[in-house]
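Source file: protein.txt; contents: compact mmCIF, C-alpha atoms.
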# COMPACT_ATOMS: atom_id res chain seq x y z
CA VAL Q 40 26.56 -8.27 1.82
CA LEU Q 41 27.63 -4.88 0.54
CA ILE Q 42 25.55 -1.85 1.45
CA VAL Q 43 26.17 1.37 -0.44
CA ASP Q 44 24.36 4.51 0.69
CA THR Q 45 24.34 6.97 -2.20
CA ALA Q 46 21.81 9.37 -0.67
CA GLY Q 47 19.59 8.61 -3.69
CA ARG Q 48 19.49 12.08 -5.09
CA LEU Q 49 23.07 11.69 -6.33
CA HIS Q 50 22.07 9.53 -9.31
CA ASN Q 51 23.17 12.36 -11.59
CA LYS Q 52 26.78 12.30 -10.36
CA ALA Q 53 28.89 10.51 -12.99
CA ASN Q 54 31.73 9.72 -10.57
CA LEU Q 55 29.37 8.08 -8.09
CA MET Q 56 27.77 5.96 -10.77
CA ALA Q 57 31.22 4.92 -12.06
CA GLU Q 58 32.15 3.85 -8.51
CA LEU Q 59 29.00 1.72 -8.33
CA GLU Q 60 29.90 0.04 -11.61
CA LYS Q 61 33.40 -0.62 -10.29
CA MET Q 62 32.06 -2.19 -7.07
CA LYS Q 63 29.81 -4.42 -9.14
CA ARG Q 64 32.73 -5.58 -11.29
CA ILE Q 65 34.93 -6.26 -8.26
CA ALA Q 66 32.16 -8.20 -6.50
CA GLY Q 67 31.69 -10.32 -9.64
CA ARG Q 68 35.41 -10.97 -9.86
CA GLU Q 69 35.72 -11.98 -6.20
CA VAL Q 70 32.51 -14.00 -5.84
CA SER Q 71 31.17 -16.06 -8.71
CA GLY Q 72 27.84 -14.72 -9.91
CA ALA Q 73 27.93 -11.67 -7.66
CA PRO Q 74 26.09 -9.52 -7.09
CA HIS Q 75 23.29 -11.99 -6.51
CA GLU Q 76 20.74 -9.30 -5.80
CA THR Q 77 20.85 -5.52 -6.01
CA LEU Q 78 18.11 -3.69 -4.16
CA LEU Q 79 17.27 -0.02 -4.60
CA VAL Q 80 16.03 1.62 -1.42
CA ILE Q 81 13.29 4.18 -2.06
CA ASP Q 82 12.01 6.48 0.67
CA ALA Q 83 8.19 6.52 0.83
CA VAL Q 84 8.21 10.33 0.70
CA THR Q 85 10.16 10.37 -2.59
CA GLY Q 86 8.32 12.10 -5.39
CA GLN Q 87 8.44 11.69 -9.15
CA ASN Q 88 12.22 12.18 -9.13
CA GLY Q 89 12.35 8.64 -7.75
CA LEU Q 90 11.50 7.22 -11.15
CA GLU Q 91 14.52 8.88 -12.75
CA GLN Q 92 16.69 7.75 -9.83
CA ALA Q 93 15.54 4.19 -10.38
CA ARG Q 94 16.20 4.37 -14.13
CA GLN Q 95 19.76 5.55 -13.56
CA PHE Q 96 20.53 3.00 -10.87
CA LEU Q 97 18.96 0.22 -12.96
CA LYS Q 98 21.21 1.15 -15.86
CA THR Q 99 24.35 1.29 -13.70
CA ALA Q 100 23.80 -1.34 -11.02
CA ASP Q 101 21.37 -3.85 -12.59
CA VAL Q 102 18.84 -3.35 -9.81
CA THR Q 103 16.73 -6.47 -9.21
CA GLY Q 104 14.19 -5.17 -6.70
CA ILE Q 105 12.96 -2.37 -4.48
CA VAL Q 106 12.96 -1.77 -0.73
CA LEU Q 107 10.35 0.83 0.24
CA THR Q 108 11.20 2.57 3.52
CA LYS Q 109 9.53 5.03 5.90
CA LEU Q 110 6.06 3.56 5.57
CA ASP Q 111 5.55 4.18 9.28
CA GLY Q 112 4.68 7.85 8.63
CA THR Q 113 1.98 9.47 6.57
CA ALA Q 114 3.69 8.83 3.22
CA LYS Q 115 2.13 6.09 1.09
CA GLY Q 116 5.11 5.31 -1.16
CA GLY Q 117 3.21 5.52 -4.43
CA ILE Q 118 6.42 6.16 -6.36
CA ALA Q 119 7.52 2.58 -5.61
CA VAL Q 120 4.43 1.28 -7.38
CA ALA Q 121 5.21 3.48 -10.39
CA ILE Q 122 8.84 2.31 -10.42
CA SER Q 123 7.79 -1.31 -10.07
CA LYS Q 124 5.34 -1.04 -12.95
CA GLU Q 125 7.47 1.12 -15.26
CA LEU Q 126 10.74 -0.77 -14.78
CA SER Q 127 9.36 -4.25 -14.02
CA LEU Q 128 11.05 -4.37 -10.63
CA PRO Q 129 9.41 -6.22 -7.74
CA ILE Q 130 9.00 -4.53 -4.38
CA ARG Q 131 10.80 -7.02 -2.14
CA TYR Q 132 10.75 -5.40 1.31
CA VAL Q 133 9.18 -2.53 3.23
CA GLY Q 134 10.55 -0.64 6.18
CA VAL Q 135 8.12 0.55 8.83
CA GLY Q 136 10.54 1.76 11.48
CA GLU Q 137 14.16 1.93 12.51
CA GLN Q 138 14.67 -1.49 14.10
CA VAL Q 139 15.85 -4.61 12.28
CA ASN Q 140 12.45 -6.23 12.86
CA ASP Q 141 10.81 -3.28 11.09
CA LEU Q 142 12.08 -4.52 7.71
CA MET Q 143 9.47 -6.91 6.37
CA VAL Q 144 8.79 -8.87 3.22
CA PHE Q 145 6.48 -6.85 0.97
CA ASP Q 146 2.85 -7.96 1.07
CA ALA Q 147 0.88 -6.39 -1.79
CA GLU Q 148 -2.52 -6.99 -0.20
CA GLN Q 149 -1.45 -5.44 3.10
CA TYR Q 150 0.08 -2.48 1.23
CA VAL Q 151 -3.12 -1.80 -0.74
CA ASN Q 152 -5.22 -2.07 2.42
CA GLY Q 153 -2.91 0.49 4.05
CA LEU Q 154 -3.54 2.92 1.19
CA PHE Q 155 -7.24 3.01 1.97
CA ASN Q 156 -7.12 2.96 5.77

Any chance you could put this one into structure tokens?
Amino acid sequence: VLIVDTAGRLHNKANLMAELEKMKRIAGREVSGAPHETLLVIDAVTGQNGLEQARQFLKTADVTGIVLTKLDGTAKGGIAVAISKELSLPIRYVGVGEQVNDLMVFDAEQYVNGLFN
């Protein structure tokens, strides 16, 4: 497992994106077939800029899915739905707190119910 925190908003930094590409190449060289999954973490309060972030990370890191965090507040995370639809990326997990047990497998029905409650 390799976790890289890019602070999201740095998708427009060429050096950062080059470093991500390098990590991907090294992982593939060291472990056959790696990376096996690349998840983009999107904060539920992220606005429309999140779509451009996702496009750039998809291009550089071959993102395979989305983790939507901070759903424990008032934010609804609608940008993740837009990213999922626009870029054909599944939402794999949601974060509803700060503890390890607060990271859960995404349940579309539960998410939609939360939008209206």

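The closest residue to Leu59 (chain Q), picked from Q:Phe145, Q:Tyr150, Q:Phe96, Q:Tyr132 and counting only C-alpha atoms, is Q:Phe96.
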
Which polymer residues have any atom within 12 Å of an atom of Asn54 (chain Q), counting only C-alpha atoms, with same-chain residues fewer than 5 positions away left out, as a list in words?
-> Thr45, Leu49, Leu59, Glu60, Lys61 and Thr99 of chain Q

When you draw a straight line from CA of Phe155 (chain Q) to CA of Gly112 (chain Q), how long is it in Å?
-> 14.5 Å

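Nearest residue to Ala57 (chain Q), choosing from Q:Ala100, Q:Ile130, Q:Val43, Q:Ile105 and counting all atoms listed in the file: Q:Ala100.
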
Selection near region 134-141 of chain Q, 7 Å with all atoms listed in the file, sequence-local residues under 2 positions removed, as a list of chain:residue names = Q:Leu107, Q:Thr108, Q:Lys109, Q:Leu110, Q:Asp111, Q:Tyr132, Q:Met143

As a CSV table (one decimal) with C-alpha atoms, keeping the file's coordinate frame, please: the residues near Gln87 (chain Q) (cut-off 10 Å, only C-alpha atoms, same-chain neighbours under 2 positions excluded).
chain,number,residue,atom,x,y,z
Q,84,VAL,CA,8.2,10.3,0.7
Q,85,THR,CA,10.2,10.4,-2.6
Q,89,GLY,CA,12.4,8.6,-7.8
Q,90,LEU,CA,11.5,7.2,-11.2
Q,91,GLU,CA,14.5,8.9,-12.8
Q,92,GLN,CA,16.7,7.8,-9.8
Q,117,GLY,CA,3.2,5.5,-4.4
Q,118,ILE,CA,6.4,6.2,-6.4
Q,119,ALA,CA,7.5,2.6,-5.6
Q,121,ALA,CA,5.2,3.5,-10.4
Q,122,ILE,CA,8.8,2.3,-10.4

Generate the missing atoms of region 77-112 of chain Q up to N, CA and C atoms and report them as a PDB file, keeping the file's coordinate frame.
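rebuild35.pdb, written as the output of this step:
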ATOM      1  N   THR Q  77      20.558  -6.939  -6.195  1.00  0.00           N
ATOM      2  CA  THR Q  77      20.850  -5.520  -6.010  1.00  0.00           C
ATOM      3  C   THR Q  77      19.528  -4.819  -5.753  1.00  0.00           C
ATOM      4  N   LEU Q  78      19.363  -4.316  -4.546  1.00  0.00           N
ATOM      5  CA  LEU Q  78      18.110  -3.690  -4.160  1.00  0.00           C
ATOM      6  C   LEU Q  78      18.265  -2.176  -4.088  1.00  0.00           C
ATOM      7  N   LEU Q  79      17.319  -1.480  -4.655  1.00  0.00           N
ATOM      8  CA  LEU Q  79      17.270  -0.020  -4.600  1.00  0.00           C
ATOM      9  C   LEU Q  79      16.338   0.374  -3.472  1.00  0.00           C
ATOM     10  N   VAL Q  80      16.837   1.158  -2.545  1.00  0.00           N
ATOM     11  CA  VAL Q  80      16.030   1.620  -1.420  1.00  0.00           C
ATOM     12  C   VAL Q  80      15.388   2.945  -1.791  1.00  0.00           C
ATOM     13  N   ILE Q  81      14.064   2.980  -1.736  1.00  0.00           N
ATOM     14  CA  ILE Q  81      13.290   4.180  -2.060  1.00  0.00           C
ATOM     15  C   ILE Q  81      12.540   4.618  -0.812  1.00  0.00           C
ATOM     16  N   ASP Q  82      12.697   5.866  -0.457  1.00  0.00           N
ATOM     17  CA  ASP Q  82      12.010   6.480   0.670  1.00  0.00           C
ATOM     18  C   ASP Q  82      10.551   6.712   0.274  1.00  0.00           C
ATOM     19  N   ALA Q  83       9.614   6.378   1.143  1.00  0.00           N
ATOM     20  CA  ALA Q  83       8.190   6.520   0.830  1.00  0.00           C
ATOM     21  C   ALA Q  83       7.780   7.953   0.528  1.00  0.00           C
ATOM     22  N   VAL Q  84       8.563   8.929   0.972  1.00  0.00           N
ATOM     23  CA  VAL Q  84       8.210  10.330   0.700  1.00  0.00           C
ATOM     24  C   VAL Q  84       8.808  10.830  -0.617  1.00  0.00           C
ATOM     25  N   THR Q  85       9.550   9.978  -1.313  1.00  0.00           N
ATOM     26  CA  THR Q  85      10.160  10.370  -2.590  1.00  0.00           C
ATOM     27  C   THR Q  85       9.076  10.658  -3.615  1.00  0.00           C
ATOM     28  N   GLY Q  86       9.271  11.716  -4.352  1.00  0.00           N
ATOM     29  CA  GLY Q  86       8.320  12.100  -5.390  1.00  0.00           C
ATOM     30  C   GLY Q  86       8.680  11.508  -6.742  1.00  0.00           C
ATOM     31  N   GLN Q  87       8.243  12.179  -7.791  1.00  0.00           N
ATOM     32  CA  GLN Q  87       8.440  11.690  -9.150  1.00  0.00           C
ATOM     33  C   GLN Q  87       9.913  11.571  -9.540  1.00  0.00           C
ATOM     34  N   ASN Q  88      10.793  12.297  -8.871  1.00  0.00           N
ATOM     35  CA  ASN Q  88      12.220  12.180  -9.130  1.00  0.00           C
ATOM     36  C   ASN Q  88      12.708  10.746  -8.872  1.00  0.00           C
ATOM     37  N   GLY Q  89      11.992  10.024  -8.056  1.00  0.00           N
ATOM     38  CA  GLY Q  89      12.350   8.640  -7.750  1.00  0.00           C
ATOM     39  C   GLY Q  89      12.379   7.750  -8.968  1.00  0.00           C
ATOM     40  N   LEU Q  90      11.521   8.022  -9.928  1.00  0.00           N
ATOM     41  CA  LEU Q  90      11.500   7.220 -11.150  1.00  0.00           C
ATOM     42  C   LEU Q  90      12.784   7.411 -11.940  1.00  0.00           C
ATOM     43  N   GLU Q  91      13.256   8.634 -12.046  1.00  0.00           N
ATOM     44  CA  GLU Q  91      14.520   8.880 -12.750  1.00  0.00           C
ATOM     45  C   GLU Q  91      15.688   8.298 -11.970  1.00  0.00           C
ATOM     46  N   GLN Q  92      15.655   8.390 -10.649  1.00  0.00           N
ATOM     47  CA  GLN Q  92      16.690   7.750  -9.830  1.00  0.00           C
ATOM     48  C   GLN Q  92      16.754   6.265 -10.144  1.00  0.00           C
ATOM     49  N   ALA Q  93      15.599   5.630 -10.138  1.00  0.00           N
ATOM     50  CA  ALA Q  93      15.540   4.190 -10.380  1.00  0.00           C
ATOM     51  C   ALA Q  93      16.060   3.843 -11.768  1.00  0.00           C
ATOM     52  N   ARG Q  94      15.697   4.624 -12.763  1.00  0.00           N
ATOM     53  CA  ARG Q  94      16.200   4.370 -14.130  1.00  0.00           C
ATOM     54  C   ARG Q  94      17.720   4.396 -14.167  1.00  0.00           C
ATOM     55  N   GLN Q  95      18.303   5.413 -13.542  1.00  0.00           N
ATOM     56  CA  GLN Q  95      19.760   5.550 -13.560  1.00  0.00           C
ATOM     57  C   GLN Q  95      20.447   4.422 -12.797  1.00  0.00           C
ATOM     58  N   PHE Q  96      19.921   4.078 -11.632  1.00  0.00           N
ATOM     59  CA  PHE Q  96      20.530   3.000 -10.870  1.00  0.00           C
ATOM     60  C   PHE Q  96      20.330   1.650 -11.553  1.00  0.00           C
ATOM     61  N   LEU Q  97      19.205   1.455 -12.210  1.00  0.00           N
ATOM     62  CA  LEU Q  97      18.960   0.220 -12.960  1.00  0.00           C
ATOM     63  C   LEU Q  97      19.994   0.074 -14.070  1.00  0.00           C
ATOM     64  N   LYS Q  98      20.251   1.167 -14.764  1.00  0.00           N
ATOM     65  CA  LYS Q  98      21.210   1.150 -15.860  1.00  0.00           C
ATOM     66  C   LYS Q  98      22.627   0.861 -15.350  1.00  0.00           C
ATOM     67  N   THR Q  99      22.989   1.409 -14.224  1.00  0.00           N
ATOM     68  CA  THR Q  99      24.350   1.290 -13.700  1.00  0.00           C
ATOM     69  C   THR Q  99      24.553   0.035 -12.854  1.00  0.00           C
ATOM     70  N   ALA Q 100      23.593  -0.294 -12.026  1.00  0.00           N
ATOM     71  CA  ALA Q 100      23.800  -1.340 -11.020  1.00  0.00           C
ATOM     72  C   ALA Q 100      22.952  -2.588 -11.235  1.00  0.00           C
ATOM     73  N   ASP Q 101      22.222  -2.677 -12.337  1.00  0.00           N
ATOM     74  CA  ASP Q 101      21.370  -3.850 -12.590  1.00  0.00           C
ATOM     75  C   ASP Q 101      20.484  -4.174 -11.395  1.00  0.00           C
ATOM     76  N   VAL Q 102      19.734  -3.196 -10.960  1.00  0.00           N
ATOM     77  CA  VAL Q 102      18.840  -3.350  -9.810  1.00  0.00           C
ATOM     78  C   VAL Q 102      17.855  -4.489 -10.082  1.00  0.00           C
ATOM     79  N   THR Q 103      17.632  -5.333  -9.064  1.00  0.00           N
ATOM     80  CA  THR Q 103      16.730  -6.470  -9.210  1.00  0.00           C
ATOM     81  C   THR Q 103      15.455  -6.342  -8.381  1.00  0.00           C
ATOM     82  N   GLY Q 104      15.380  -5.333  -7.519  1.00  0.00           N
ATOM     83  CA  GLY Q 104      14.190  -5.170  -6.700  1.00  0.00           C
ATOM     84  C   GLY Q 104      14.239  -3.877  -5.907  1.00  0.00           C
ATOM     85  N   ILE Q 105      13.141  -3.618  -5.210  1.00  0.00           N
ATOM     86  CA  ILE Q 105      12.960  -2.370  -4.480  1.00  0.00           C
ATOM     87  C   ILE Q 105      12.720  -2.659  -3.000  1.00  0.00           C
ATOM     88  N   VAL Q 106      13.288  -1.805  -2.157  1.00  0.00           N
ATOM     89  CA  VAL Q 106      12.960  -1.770  -0.730  1.00  0.00           C
ATOM     90  C   VAL Q 106      12.309  -0.413  -0.500  1.00  0.00           C
ATOM     91  N   LEU Q 107      11.094  -0.404  -0.022  1.00  0.00           N
ATOM     92  CA  LEU Q 107      10.350   0.830   0.240  1.00  0.00           C
ATOM     93  C   LEU Q 107      10.409   1.122   1.732  1.00  0.00           C
ATOM     94  N   THR Q 108      11.023   2.247   2.100  1.00  0.00           N
ATOM     95  CA  THR Q 108      11.200   2.570   3.520  1.00  0.00           C
ATOM     96  C   THR Q 108      10.321   3.736   3.943  1.00  0.00           C
ATOM     97  N   LYS Q 109      10.262   3.933   5.248  1.00  0.00           N
ATOM     98  CA  LYS Q 109       9.530   5.030   5.900  1.00  0.00           C
ATOM     99  C   LYS Q 109       8.020   4.947   5.690  1.00  0.00           C
ATOM    100  N   LEU Q 110       7.512   3.734   5.668  1.00  0.00           N
ATOM    101  CA  LEU Q 110       6.060   3.560   5.570  1.00  0.00           C
ATOM    102  C   LEU Q 110       5.376   3.703   6.919  1.00  0.00           C
ATOM    103  N   ASP Q 111       6.138   4.014   7.959  1.00  0.00           N
ATOM    104  CA  ASP Q 111       5.550   4.180   9.280  1.00  0.00           C
ATOM    105  C   ASP Q 111       4.982   5.581   9.481  1.00  0.00           C
ATOM    106  N   GLY Q 112       5.209   6.481   8.538  1.00  0.00           N
ATOM    107  CA  GLY Q 112       4.680   7.850   8.630  1.00  0.00           C
ATOM    108  C   GLY Q 112       3.427   7.995   7.800  1.00  0.00           C
TER     109      GLY Q 112
END
